[in-house]
file entry39.tsv (TSV, C-alpha atoms)
chain	number	residue	atom	x	y	z
C	1	MET	CA	130.94	136.25	169.52
C	2	SER	CA	134.47	134.98	170.28
C	3	ARG	CA	137.36	137.12	169.07
C	4	PRO	CA	139.85	135.77	166.53
C	5	LYS	CA	143.10	134.29	167.76
C	6	ALA	CA	146.39	135.96	166.96
C	7	SER	CA	146.90	135.90	163.22
C	8	GLN	CA	149.15	133.18	161.87
C	9	ARG	CA	151.77	134.17	159.34
C	10	ARG	CA	149.88	133.76	156.09
C	11	THR	CA	149.89	135.30	152.64
C	12	CYS	CA	147.44	138.01	151.65
C	13	LEU	CA	146.75	140.04	148.52
C	14	ILE	CA	145.77	143.72	148.60
C	15	THR	CA	144.25	145.10	145.42
C	16	GLY	CA	144.78	148.84	145.30
C	17	GLY	CA	147.53	148.36	147.87
C	18	ALA	CA	149.54	151.41	146.78
C	19	GLY	CA	146.63	153.75	147.45
C	20	PHE	CA	145.74	155.76	150.52
C	21	ILE	CA	144.03	153.06	152.61
C	22	GLY	CA	145.83	150.14	150.96
C	23	SER	CA	149.29	151.42	151.82
C	24	HIS	CA	148.36	151.73	155.50
C	25	LEU	CA	147.01	148.18	155.46
C	26	ALA	CA	150.10	146.85	153.67
C	27	ARG	CA	152.35	148.51	156.24
C	28	LEU	CA	150.53	146.80	159.12
C	29	LEU	CA	150.32	143.38	157.47
C	30	ALA	CA	153.96	143.39	156.40
C	31	ARG	CA	154.82	143.22	160.09
C	32	SER	CA	152.64	140.18	160.78
C	33	GLN	CA	152.11	138.19	157.58
C	34	ALA	CA	154.34	135.65	155.88
C	35	GLY	CA	153.73	137.35	152.57
C	36	VAL	CA	152.00	140.49	151.37
C	37	ARG	CA	151.20	140.89	147.70
C	38	VAL	CA	150.04	144.17	146.24
C	39	LEU	CA	148.26	144.68	142.93
C	40	ASP	CA	147.89	148.27	141.72
C	41	ASN	CA	147.69	150.00	138.34
C	42	PHE	CA	148.98	153.27	139.89
C	43	SER	CA	146.17	155.33	138.44
C	44	THR	CA	145.63	156.91	141.87
C	45	GLY	CA	148.05	154.90	144.04
C	46	HIS	CA	151.76	155.73	144.26
C	47	ARG	CA	154.85	153.55	144.49
C	48	GLU	CA	156.27	156.00	147.03
C	49	ASN	CA	153.51	155.01	149.45
C	50	LEU	CA	155.20	151.62	149.73
C	51	GLY	CA	158.79	152.69	149.11
C	52	ASP	CA	160.14	151.47	152.44
C	53	LEU	CA	158.39	148.10	152.08
C	54	THR	CA	159.96	146.92	148.81
C	55	THR	CA	161.91	144.14	150.51
C	56	LYS	CA	158.93	143.00	152.57
C	57	ILE	CA	156.16	142.82	149.98
C	58	THR	CA	155.63	141.62	146.43
C	59	MET	CA	154.32	144.37	144.16
C	60	ALA	CA	152.62	143.75	140.82
C	61	GLU	CA	151.59	146.48	138.41
C	62	GLY	CA	148.32	145.62	136.74
C	63	ASP	CA	144.57	145.97	136.69
C	64	ILE	CA	141.87	143.99	138.47
C	65	ARG	CA	140.26	143.60	135.03
C	66	TYR	CA	143.22	141.37	133.98
C	67	ARG	CA	141.71	138.00	134.77
C	68	ASP	CA	144.81	135.86	134.36
C	69	LEU	CA	146.97	138.21	136.44
C	70	VAL	CA	144.45	138.36	139.27
C	71	ARG	CA	144.20	134.59	139.35
C	72	GLN	CA	147.99	134.18	139.26
C	73	LEU	CA	148.47	136.53	142.20
C	74	MET	CA	145.92	134.62	144.28
C	75	ASP	CA	147.76	131.32	144.09
C	76	GLY	CA	148.55	130.37	147.69
C	77	VAL	CA	146.74	133.38	149.16
C	78	ASP	CA	144.68	133.08	152.33
C	79	VAL	CA	142.92	136.49	152.40
C	80	VAL	CA	142.21	139.08	149.72
C	81	PHE	CA	141.61	142.70	150.66
C	82	HIS	CA	139.84	144.19	147.66
C	83	LEU	CA	140.35	147.97	147.72
C	84	ALA	CA	141.02	148.72	144.05
C	85	ALA	CA	138.26	150.80	142.47
C	86	VAL	CA	137.17	153.87	140.63
C	87	ALA	CA	136.71	155.43	144.02
C	88	ALA	CA	134.57	158.55	143.75
C	89	VAL	CA	131.29	159.88	142.44
C	90	ALA	CA	132.48	162.52	139.94
C	91	PRO	CA	134.59	160.20	137.74
C	92	SER	CA	131.75	157.68	137.66
C	93	ILE	CA	129.33	160.31	136.40
C	94	LYS	CA	131.79	161.39	133.72
C	95	ASP	CA	132.54	157.83	132.62
C	96	PRO	CA	130.01	155.30	133.94
C	97	LEU	CA	131.18	152.54	131.60
C	98	THR	CA	134.72	152.48	132.98
C	99	CYS	CA	133.36	152.69	136.52
C	100	ASN	CA	131.23	149.63	135.86
C	101	GLU	CA	134.07	147.71	134.19
C	102	VAL	CA	136.42	148.31	137.12
C	103	ASN	CA	134.11	148.25	140.12
C	104	VAL	CA	131.67	145.58	138.98
C	105	GLY	CA	133.62	143.57	136.42
C	106	GLY	CA	136.85	143.85	138.41
C	107	THR	CA	135.16	142.78	141.63
C	108	LEU	CA	133.61	139.82	139.84
C	109	ASN	CA	137.10	138.86	138.59
C	110	VAL	CA	138.44	139.02	142.14
C	111	LEU	CA	135.64	136.88	143.56
C	112	ALA	CA	135.84	134.31	140.74
C	113	ALA	CA	139.61	134.01	141.13
C	114	ALA	CA	139.19	133.59	144.89
C	115	ARG	CA	136.69	130.80	144.28
C	116	ASP	CA	138.95	129.06	141.77
C	117	THR	CA	142.14	129.27	143.85
C	118	GLY	CA	140.68	128.39	147.25
C	119	VAL	CA	141.15	131.75	148.97
C	120	ARG	CA	139.70	131.58	152.47
C	121	ARG	CA	138.15	135.05	152.62
C	122	VAL	CA	137.68	138.21	150.55
C	123	VAL	CA	137.17	141.53	152.34
C	124	ILE	CA	135.64	144.15	150.05
C	125	ALA	CA	135.81	147.91	150.55
C	126	SER	CA	132.32	149.22	149.83
C	127	SER	CA	130.99	152.70	150.53
C	128	ALA	CA	128.39	154.61	152.50
C	129	ALA	CA	127.38	156.01	149.10
C	130	VAL	CA	125.20	152.92	148.61
C	131	TYR	CA	122.66	154.40	151.05
C	132	GLY	CA	121.82	157.31	148.75
C	133	PRO	CA	121.27	161.01	149.41
C	134	GLU	CA	118.79	160.89	152.32
C	135	PRO	CA	119.55	157.98	154.64
C	136	PRO	CA	118.28	157.90	158.22
C	137	VAL	CA	120.85	159.27	160.68
C	138	PRO	CA	122.56	157.40	162.25
C	139	THR	CA	122.36	154.86	159.43
C	140	PRO	CA	122.19	151.11	160.21
C	141	GLU	CA	123.12	148.45	157.66
C	142	THR	CA	119.43	147.51	157.40
C	143	SER	CA	118.57	150.87	155.82
C	144	SER	CA	117.34	150.87	152.25
C	145	CYS	CA	120.02	151.42	149.64
C	146	VAL	CA	119.08	153.98	146.99
C	147	PRO	CA	122.30	154.58	145.01
C	148	ALA	CA	122.34	158.00	143.36
C	149	SER	CA	125.44	157.70	141.15
C	150	PRO	CA	127.14	155.09	138.95
C	151	TYR	CA	129.81	154.79	141.65
C	152	ALA	CA	127.22	154.00	144.31
C	153	VAL	CA	125.46	151.53	142.00
C	154	SER	CA	128.77	149.77	141.33
C	155	LYS	CA	129.56	149.46	145.03
C	156	ALA	CA	126.10	148.06	145.76
C	157	ALA	CA	126.57	145.56	142.92
C	158	GLY	CA	129.89	144.46	144.43
C	159	GLU	CA	128.17	143.79	147.74
C	160	HIS	CA	125.50	141.70	146.02
C	161	TYR	CA	128.13	139.68	144.16
C	162	ALA	CA	129.97	139.07	147.43
C	163	ARG	CA	126.78	137.79	149.06
C	164	VAL	CA	125.97	135.56	146.09
C	165	PHE	CA	129.47	134.09	145.94
C	166	ALA	CA	129.29	133.38	149.66
C	167	LYS	CA	125.97	131.58	149.25
C	168	LEU	CA	126.50	129.75	145.95
C	169	TYR	CA	130.22	129.02	145.94
C	170	GLY	CA	131.25	129.02	149.58
C	171	VAL	CA	133.63	131.96	149.14
C	172	GLU	CA	133.81	133.75	152.48
C	173	ALA	CA	133.15	137.36	151.52
C	174	VAL	CA	132.60	140.39	153.75
C	175	SER	CA	131.78	143.95	152.66
C	176	LEU	CA	132.69	147.07	154.65
C	177	ARG	CA	130.79	150.30	154.00
C	178	LEU	CA	133.41	152.97	154.61
C	179	PHE	CA	132.32	156.46	155.56
C	180	ASN	CA	134.58	159.57	155.32
C	181	VAL	CA	138.11	158.24	155.71
C	182	TYR	CA	141.05	160.61	156.33
C	183	GLY	CA	144.68	160.42	157.39
C	184	PRO	CA	148.30	160.48	156.19
C	185	ARG	CA	149.03	159.91	152.50
C	186	GLN	CA	145.61	161.13	151.35
C	187	ASN	CA	146.27	163.21	148.25
C	188	PRO	CA	144.53	166.63	148.32
C	189	ALA	CA	145.21	167.21	144.62
C	190	SER	CA	143.08	164.24	143.62
C	191	GLU	CA	139.37	164.50	142.94
C	192	TYR	CA	139.09	161.26	144.93
C	193	SER	CA	140.34	163.01	148.04
C	194	GLY	CA	138.33	164.01	151.08
C	195	VAL	CA	137.69	167.39	152.60
C	196	VAL	CA	140.20	166.87	155.43
C	197	SER	CA	143.25	166.68	153.16
C	198	ARG	CA	142.07	169.62	151.04
C	199	PHE	CA	141.48	171.74	154.15
C	200	LEU	CA	144.84	170.75	155.57
C	201	GLU	CA	146.75	171.73	152.45
C	202	ARG	CA	145.14	175.17	152.41
C	203	LEU	CA	145.78	175.79	156.12
C	204	LEU	CA	149.44	174.80	155.85
C	205	GLN	CA	149.79	177.33	153.06
C	206	GLY	CA	148.09	180.04	155.13
C	207	GLU	CA	144.97	180.12	152.98
C	208	ALA	CA	141.35	180.40	154.12
C	209	LEU	CA	139.15	177.32	153.93
C	210	ALA	CA	136.41	177.26	151.30
C	211	VAL	CA	133.24	175.85	152.88
C	212	ASP	CA	130.23	174.94	150.73
C	213	GLY	CA	126.95	176.45	151.90
C	214	ASP	CA	126.41	177.21	155.58
C	215	GLY	CA	128.87	174.53	156.71
C	216	GLU	CA	126.34	172.84	158.96
C	217	GLN	CA	126.21	169.74	156.78
C	218	SER	CA	127.79	166.88	158.71
C	219	ARG	CA	129.85	163.78	158.03
C	220	ASP	CA	131.21	160.80	159.95
C	221	PHE	CA	135.00	161.19	159.72
C	222	VAL	CA	136.99	158.05	160.50
C	223	PHE	CA	140.78	157.89	160.83
C	224	VAL	CA	142.52	155.53	158.41
C	225	ASP	CA	144.08	153.41	161.20
C	226	ASP	CA	140.58	152.64	162.47
C	227	VAL	CA	139.59	151.53	158.97
C	228	VAL	CA	142.64	149.24	158.86
C	229	GLN	CA	141.53	147.82	162.21
C	230	ALA	CA	138.13	146.98	160.71
C	231	LEU	CA	139.68	145.42	157.61
C	232	THR	CA	141.89	143.09	159.62
C	233	LEU	CA	139.06	142.11	161.94
C	234	ALA	CA	136.81	141.36	158.96
C	235	ALA	CA	139.50	139.03	157.63
C	236	GLU	CA	139.63	136.91	160.79
C	237	VAL	CA	136.34	136.93	162.72
C	238	PRO	CA	134.45	133.66	162.03
C	239	GLY	CA	130.83	133.35	161.00
C	240	ILE	CA	130.40	136.65	159.12
C	241	SER	CA	130.57	135.53	155.49
C	242	GLY	CA	128.06	137.37	153.29
C	243	GLU	CA	127.60	140.20	155.81
C	244	VAL	CA	128.04	143.96	155.42
C	245	PHE	CA	129.29	146.35	158.10
C	246	ASN	CA	129.48	150.10	158.52
C	247	VAL	CA	132.97	151.40	159.30
C	248	ALA	CA	132.96	154.85	160.86
C	249	THR	CA	132.92	156.46	164.32
C	250	GLY	CA	129.19	156.85	164.90
C	251	ARG	CA	129.71	160.57	165.47
C	252	ARG	CA	128.54	163.47	163.30
C	253	THR	CA	130.91	166.40	162.70
C	254	SER	CA	129.79	169.50	160.85
C	255	ILE	CA	132.09	170.97	158.22
C	256	ASN	CA	132.27	174.13	160.34
C	257	GLU	CA	133.39	172.07	163.33
C	258	LEU	CA	135.96	170.26	161.18
C	259	ALA	CA	137.35	173.58	159.93
C	260	THR	CA	137.59	174.97	163.46
C	261	THR	CA	139.22	171.83	164.89
C	262	LEU	CA	141.74	171.52	162.08
C	263	ALA	CA	142.65	175.22	162.21
C	264	ALA	CA	143.26	174.89	165.95
C	265	VAL	CA	145.66	172.00	165.32
C	266	VAL	CA	147.54	173.59	162.40
C	267	ALA	CA	147.76	177.27	163.27
C	268	PRO	CA	146.09	178.19	166.56
C	269	GLU	CA	147.81	181.56	166.64
C	270	LYS	CA	146.60	182.69	163.20
C	271	GLN	CA	142.82	182.19	163.61
C	272	ILE	CA	142.29	181.46	159.92
C	273	GLY	CA	138.53	181.55	159.37
C	274	PRO	CA	136.55	179.83	156.60
C	275	VAL	CA	135.10	181.49	153.51
C	276	HIS	CA	131.62	180.30	152.62
C	277	ARG	CA	130.57	179.77	149.04
C	278	ALA	CA	127.46	178.48	147.30
C	279	ALA	CA	126.16	175.10	148.41
C	280	ARG	CA	126.77	172.19	146.06
C	281	ALA	CA	123.68	170.94	144.28
C	282	GLY	CA	122.60	167.51	145.47
C	283	ASP	CA	124.98	167.47	148.43
C	284	VAL	CA	124.03	165.07	151.24
C	285	ARG	CA	123.05	167.14	154.26
C	286	HIS	CA	123.96	164.68	157.01
C	287	SER	CA	125.84	161.38	157.08
C	288	CYS	CA	126.56	159.30	160.16
C	289	ALA	CA	126.85	155.56	160.73
C	290	ASN	CA	125.32	153.27	163.28
C	291	ILE	CA	128.33	151.08	164.11
C	292	GLY	CA	126.57	148.81	166.59
C	293	LYS	CA	126.73	145.77	164.32
C	294	ALA	CA	130.46	146.18	163.66
C	295	ASN	CA	131.09	146.60	167.36
C	296	ARG	CA	129.02	143.56	168.30
C	297	ASP	CA	130.03	141.13	165.53
C	298	LEU	CA	133.54	142.29	164.60
C	299	GLY	CA	134.73	143.70	167.89
C	300	TYR	CA	135.40	146.96	166.04
C	301	ALA	CA	135.75	150.10	168.16
C	302	PRO	CA	137.26	153.31	166.75
C	303	ARG	CA	140.32	154.33	168.73
C	304	TYR	CA	140.90	157.85	167.47
C	305	SER	CA	138.90	160.96	168.21
C	306	LEU	CA	138.73	163.55	165.45
C	307	ALA	CA	141.25	165.76	167.26
C	308	GLU	CA	143.68	162.85	167.71
C	309	GLY	CA	143.36	161.70	164.11
C	310	LEU	CA	143.82	165.23	162.78
C	311	ALA	CA	146.87	165.77	164.98
C	312	ARG	CA	148.50	162.60	163.63
C	313	THR	CA	147.67	163.63	160.08
C	314	VAL	CA	149.13	167.10	160.53
C	315	ASP	CA	152.30	165.66	162.10
C	316	TRP	CA	152.79	163.39	159.10
C	317	TRP	CA	152.26	166.22	156.61
C	318	ARG	CA	154.78	168.44	158.34
C	319	ARG	CA	157.32	165.62	158.58
C	320	GLU	CA	156.93	164.33	155.03
C	321	CYS	CA	155.87	167.39	153.07
C	322	GLY	CA	157.56	170.30	154.80
C	323	PRO	CA	155.95	172.95	157.01
C	324	SER	CA	153.77	174.34	154.21
C	325	GLY	CA	152.91	171.04	152.54
C	326	ARG	CA	154.45	172.28	149.28
C	327	ASP	CA	157.17	169.65	149.07
C	328	ARG	CA	154.77	166.80	148.48

call {"tool": "encode", "arguments": {"input": "entry39.tsv", "output": "structure tokens"}}
result
Amino acid sequence: MSRPKASQRRTCLITGGAGFIGSHLARLLARSQAGVRVLDNFSTGHRENLGDLTTKITMAEGDIRYRDLVRQLMDGVDVVFHLAAVAAVAPSIKDPLTCNEVNVGGTLNVLAAARDTGVRRVVIASSAAVYGPEPPVPTPETSSCVPASPYAVSKAAGEHYARVFAKLYGVEAVSLRLFNVYGPRQNPASEYSGVVSRFLERLLQGEALAVDGDGEQSRDFVFVDDVVQALTLAAEVPGISGEVFNVATGRRTSINELATTLAAVVAPEKQIGPVHRAARAGDVRHSCANIGKANRDLGYAPRYSLAEGLARTVDWWRRECGPSGRDR
């Protein structure tokens, strides 16, 4: 498939643009787009994530459930990056109704507004959670989806709505199934956060890492800049409307290996070892993506090894949060 030409200076909207992934995307697009609009309700995102971009972007505080606001912000927009969500399993189990209202109802609002305002393409952040607790490894997009939480159900529903809007209404919609994303500005204090940021905070404070079970469970950790690469490609590559793509590295890393690698980056002289605790009930044993389709159809290729991504993350923490990470 031919690669997209250099992006013209156009206007885009990022829902959830003050969050972890959204702020990285906004930072990149602000350098190349005519206009970047951000919609965020700041429930998990932070204004500080975009503090140095205030003169380069338009920021709106609000919720993707606010139909009129969403439609207003899409006027004149070329591409929508839909990242806003109740973005983790635990909150969805505690409150499945809100999860459904935001992730399903909110996504439907976004797609309907895109249809009504003539947006060219909507790129939706989905999740590897749609595959369920025992997917084949590595997991291709053709694998059966057996969602095991309200969050996973809501993400699967968003994908189906994207496909239906592409088919029935001609809205170009693409869904990206993100695996375990990590990098700068990921908040370790949030229950939405990943294991990398929680491990990093403990190591910077000289504390041992708490590892669930034997630590041999594995994940596919992908650096946030690689995710941003996939998002921008999905916005431009022609002929992919209605499709879904895995976004990951295609490499399995055990939690023990992650702990060892991160400790070597943060404090090689201290040899801080992990402390094992009881395994979490229902935890997925192994997760790893087959990224062949994304490579072939999007031109996506992860650029950062785990060691490189961790080193960049640690550098940011030390620069922005102080040597111990306590100034955050």

call {"tool": "atom_distance", "arguments": {"input": "entry39.tsv", "atom1": "CA of Arg120 in chain C", "atom2": "CA of Ala235 in chain C"}}
result
9.1 Å

call {"tool": "closest_atom_pairs", "arguments": {"input": "entry39.tsv", "of": "range 214-278 of chain C", "to": "range 77-84 of chain C", "cutoff": "10 Å", "atoms": "all atoms listed in the file", "output": "tab-separated table"}}
result
residue	atom	partner	partner_atom	distance
C:Leu231	CA	C:Phe81	CA	7.7
C:Thr232	CA	C:Phe81	CA	9.0
C:Ala234	CA	C:Phe81	CA	9.7
C:Ala235	CA	C:Val79	CA	6.7
C:Glu236	CA	C:Val79	CA	9.0

call {"tool": "residues_around", "arguments": {"input": "entry39.tsv", "residues": "Glu257 in chain C", "least_positions_apart": "3", "cutoff": "12 Å", "atoms": "all atoms listed in the file", "output": "list in words"}}
result
Val196, Val211, Asp214, Gly215, Glu216, Gln217, Ser218, Arg219, Asp220, Phe221, Arg252, Thr253, Ser254, Thr260, Thr261, Leu262, Ala263, Ala264, Gly273, Pro274, Leu306 and Ala307 of chain C

call {"tool": "write_last_selection", "arguments": {"input": "entry39.tsv", "atoms": "C-alpha atoms", "output": "CSV table (one decimal), keeping the file's coordinate frame"}}
result
chain,number,residue,atom,x,y,z
C,196,VAL,CA,140.2,166.9,155.4
C,211,VAL,CA,133.2,175.8,152.9
C,214,ASP,CA,126.4,177.2,155.6
C,215,GLY,CA,128.9,174.5,156.7
C,216,GLU,CA,126.3,172.8,159.0
C,217,GLN,CA,126.2,169.7,156.8
C,218,SER,CA,127.8,166.9,158.7
C,219,ARG,CA,129.8,163.8,158.0
C,220,ASP,CA,131.2,160.8,160.0
C,221,PHE,CA,135.0,161.2,159.7
C,252,ARG,CA,128.5,163.5,163.3
C,253,THR,CA,130.9,166.4,162.7
C,254,SER,CA,129.8,169.5,160.8
C,260,THR,CA,137.6,175.0,163.5
C,261,THR,CA,139.2,171.8,164.9
C,262,LEU,CA,141.7,171.5,162.1
C,263,ALA,CA,142.6,175.2,162.2
C,264,ALA,CA,143.3,174.9,166.0
C,273,GLY,CA,138.5,181.6,159.4
C,274,PRO,CA,136.6,179.8,156.6
C,306,LEU,CA,138.7,163.6,165.4
C,307,ALA,CA,141.2,165.8,167.3

call {"tool": "residues_around", "arguments": {"input": "entry39.tsv", "residues": "Glu243 in chain C", "least_positions_apart": "5", "cutoff": "8 Å", "atoms": "all atoms listed in the file", "output": "number ranges by chain"}}
result
C: 163, 173-175

call {"tool": "atom_distance", "arguments": {"input": "entry39.tsv", "atom1": "CA of Ala156 in chain C", "atom2": "CA of Val227 in chain C"}}
result
19.2 Å

call {"tool": "closest_residue", "arguments": {"input": "entry39.tsv", "among": "C:Leu310, C:Ala162, C:Val130, C:Cys12", "to": "Gly242 in chain C", "atoms": "only C-alpha atoms"}}
result
C:Ala162

call {"tool": "atom_distance", "arguments": {"input": "entry39.tsv", "atom1": "CA of Glu308 in chain C", "atom2": "CA of Leu258 in chain C"}}
result
12.5 Å

call {"tool": "residues_around", "arguments": {"input": "entry39.tsv", "residues": "Ala210 in chain C", "least_positions_apart": "5", "cutoff": "7 Å", "atoms": "only C-alpha atoms", "output": "list in words"}}
result
Pro274, Val275, His276 and Arg277 of chain C

call {"tool": "write_last_selection", "arguments": {"input": "entry39.tsv", "atoms": "C-alpha atoms", "output": "PDB file, in the frame of the given file"}}
result
ATOM      1  CA  PRO C 274     136.550 179.830 156.600  1.00  0.00           C
ATOM      2  CA  VAL C 275     135.100 181.490 153.510  1.00  0.00           C
ATOM      3  CA  HIS C 276     131.620 180.300 152.620  1.00  0.00           C
ATOM      4  CA  ARG C 277     130.570 179.770 149.040  1.00  0.00           C
TER       5      ARG C 277
END

call {"tool": "axis_aligned_box", "arguments": {"input": "entry39.tsv", "around": "range 273-280 of chain C", "padding_each_side": "4 Å", "output": "lines of an AutoDock Vina configuration file"}}
result
center_x = 132.3
center_y = 176.9
center_z = 152.7
size_x = 20.4
size_y = 17.4
size_z = 21.3

call {"tool": "residues_around", "arguments": {"input": "entry39.tsv", "residues": "Ser144 in chain C", "least_positions_apart": "5", "cutoff": "12 Å", "atoms": "all atoms listed in the file", "output": "list in words"}}
result
Ala128, Ala129, Val130, Tyr131, Gly132, Pro133, Glu134, Pro135, Pro136, Thr139 and Ala156 of chain C

call {"tool": "closest_residue", "arguments": {"input": "entry39.tsv", "among": "C:Gly62, C:Pro91, C:Gly309, C:Gly170", "to": "Gly183 in chain C", "atoms": "only C-alpha atoms"}}
result
C:Gly309

call {"tool": "closest_residue", "arguments": {"input": "entry39.tsv", "among": "C:Asn246, C:Thr58, C:Ser149, C:Ser154", "to": "Ala85 in chain C", "atoms": "all atoms listed in the file"}}
result
C:Ser154

call {"tool": "build_atoms", "arguments": {"input": "entry39.tsv", "residues": "range 215-234 of chain C", "atoms": "N, CA and C atoms", "output": "PDB file, in the coordinates of the input"}}
result
ATOM      1  N   GLY C 215     127.902 175.307 155.952  1.00  0.00           N
ATOM      2  CA  GLY C 215     128.870 174.530 156.710  1.00  0.00           C
ATOM      3  C   GLY C 215     128.287 173.658 157.794  1.00  0.00           C
ATOM      4  N   GLU C 216     126.975 173.655 157.925  1.00  0.00           N
ATOM      5  CA  GLU C 216     126.340 172.840 158.960  1.00  0.00           C
ATOM      6  C   GLU C 216     126.036 171.422 158.494  1.00  0.00           C
ATOM      7  N   GLN C 217     126.302 171.132 157.222  1.00  0.00           N
ATOM      8  CA  GLN C 217     126.210 169.740 156.780  1.00  0.00           C
ATOM      9  C   GLN C 217     127.250 168.926 157.545  1.00  0.00           C
ATOM     10  N   SER C 218     126.941 167.675 157.830  1.00  0.00           N
ATOM     11  CA  SER C 218     127.790 166.880 158.710  1.00  0.00           C
ATOM     12  C   SER C 218     128.185 165.556 158.066  1.00  0.00           C
ATOM     13  N   ARG C 219     129.323 165.050 158.517  1.00  0.00           N
ATOM     14  CA  ARG C 219     129.850 163.780 158.030  1.00  0.00           C
ATOM     15  C   ARG C 219     130.399 162.984 159.213  1.00  0.00           C
ATOM     16  N   ASP C 220     130.620 161.705 158.964  1.00  0.00           N
ATOM     17  CA  ASP C 220     131.210 160.800 159.950  1.00  0.00           C
ATOM     18  C   ASP C 220     132.650 160.543 159.512  1.00  0.00           C
ATOM     19  N   PHE C 221     133.601 161.276 160.109  1.00  0.00           N
ATOM     20  CA  PHE C 221     135.000 161.190 159.720  1.00  0.00           C
ATOM     21  C   PHE C 221     135.701 160.111 160.536  1.00  0.00           C
ATOM     22  N   VAL C 222     136.334 159.169 159.831  1.00  0.00           N
ATOM     23  CA  VAL C 222     136.990 158.050 160.500  1.00  0.00           C
ATOM     24  C   VAL C 222     138.454 158.007 160.083  1.00  0.00           C
ATOM     25  N   PHE C 223     139.342 157.893 161.071  1.00  0.00           N
ATOM     26  CA  PHE C 223     140.780 157.890 160.830  1.00  0.00           C
ATOM     27  C   PHE C 223     141.183 156.592 160.150  1.00  0.00           C
ATOM     28  N   VAL C 224     142.152 156.675 159.249  1.00  0.00           N
ATOM     29  CA  VAL C 224     142.520 155.530 158.410  1.00  0.00           C
ATOM     30  C   VAL C 224     142.980 154.334 159.243  1.00  0.00           C
ATOM     31  N   ASP C 225     143.644 154.548 160.384  1.00  0.00           N
ATOM     32  CA  ASP C 225     144.080 153.410 161.200  1.00  0.00           C
ATOM     33  C   ASP C 225     142.891 152.643 161.774  1.00  0.00           C
ATOM     34  N   ASP C 226     141.783 153.338 162.015  1.00  0.00           N
ATOM     35  CA  ASP C 226     140.580 152.640 162.470  1.00  0.00           C
ATOM     36  C   ASP C 226     139.979 151.806 161.339  1.00  0.00           C
ATOM     37  N   VAL C 227     140.067 152.300 160.118  1.00  0.00           N
ATOM     38  CA  VAL C 227     139.590 151.530 158.970  1.00  0.00           C
ATOM     39  C   VAL C 227     140.441 150.271 158.792  1.00  0.00           C
ATOM     40  N   VAL C 228     141.748 150.402 158.947  1.00  0.00           N
ATOM     41  CA  VAL C 228     142.640 149.240 158.860  1.00  0.00           C
ATOM     42  C   VAL C 228     142.295 148.228 159.948  1.00  0.00           C
ATOM     43  N   GLN C 229     141.977 148.720 161.143  1.00  0.00           N
ATOM     44  CA  GLN C 229     141.530 147.820 162.210  1.00  0.00           C
ATOM     45  C   GLN C 229     140.319 146.999 161.760  1.00  0.00           C
ATOM     46  N   ALA C 230     139.340 147.680 161.159  1.00  0.00           N
ATOM     47  CA  ALA C 230     138.130 146.980 160.710  1.00  0.00           C
ATOM     48  C   ALA C 230     138.435 145.972 159.617  1.00  0.00           C
ATOM     49  N   LEU C 231     139.312 146.334 158.693  1.00  0.00           N
ATOM     50  CA  LEU C 231     139.680 145.420 157.610  1.00  0.00           C
ATOM     51  C   LEU C 231     140.305 144.144 158.151  1.00  0.00           C
ATOM     52  N   THR C 232     141.216 144.284 159.092  1.00  0.00           N
ATOM     53  CA  THR C 232     141.890 143.090 159.620  1.00  0.00           C
ATOM     54  C   THR C 232     140.942 142.239 160.467  1.00  0.00           C
ATOM     55  N   LEU C 233     140.051 142.872 161.200  1.00  0.00           N
ATOM     56  CA  LEU C 233     139.060 142.110 161.940  1.00  0.00           C
ATOM     57  C   LEU C 233     138.137 141.342 160.998  1.00  0.00           C
ATOM     58  N   ALA C 234     137.718 141.995 159.925  1.00  0.00           N
ATOM     59  CA  ALA C 234     136.810 141.360 158.960  1.00  0.00           C
ATOM     60  C   ALA C 234     137.473 140.176 158.266  1.00  0.00           C
TER      61      ALA C 234
END
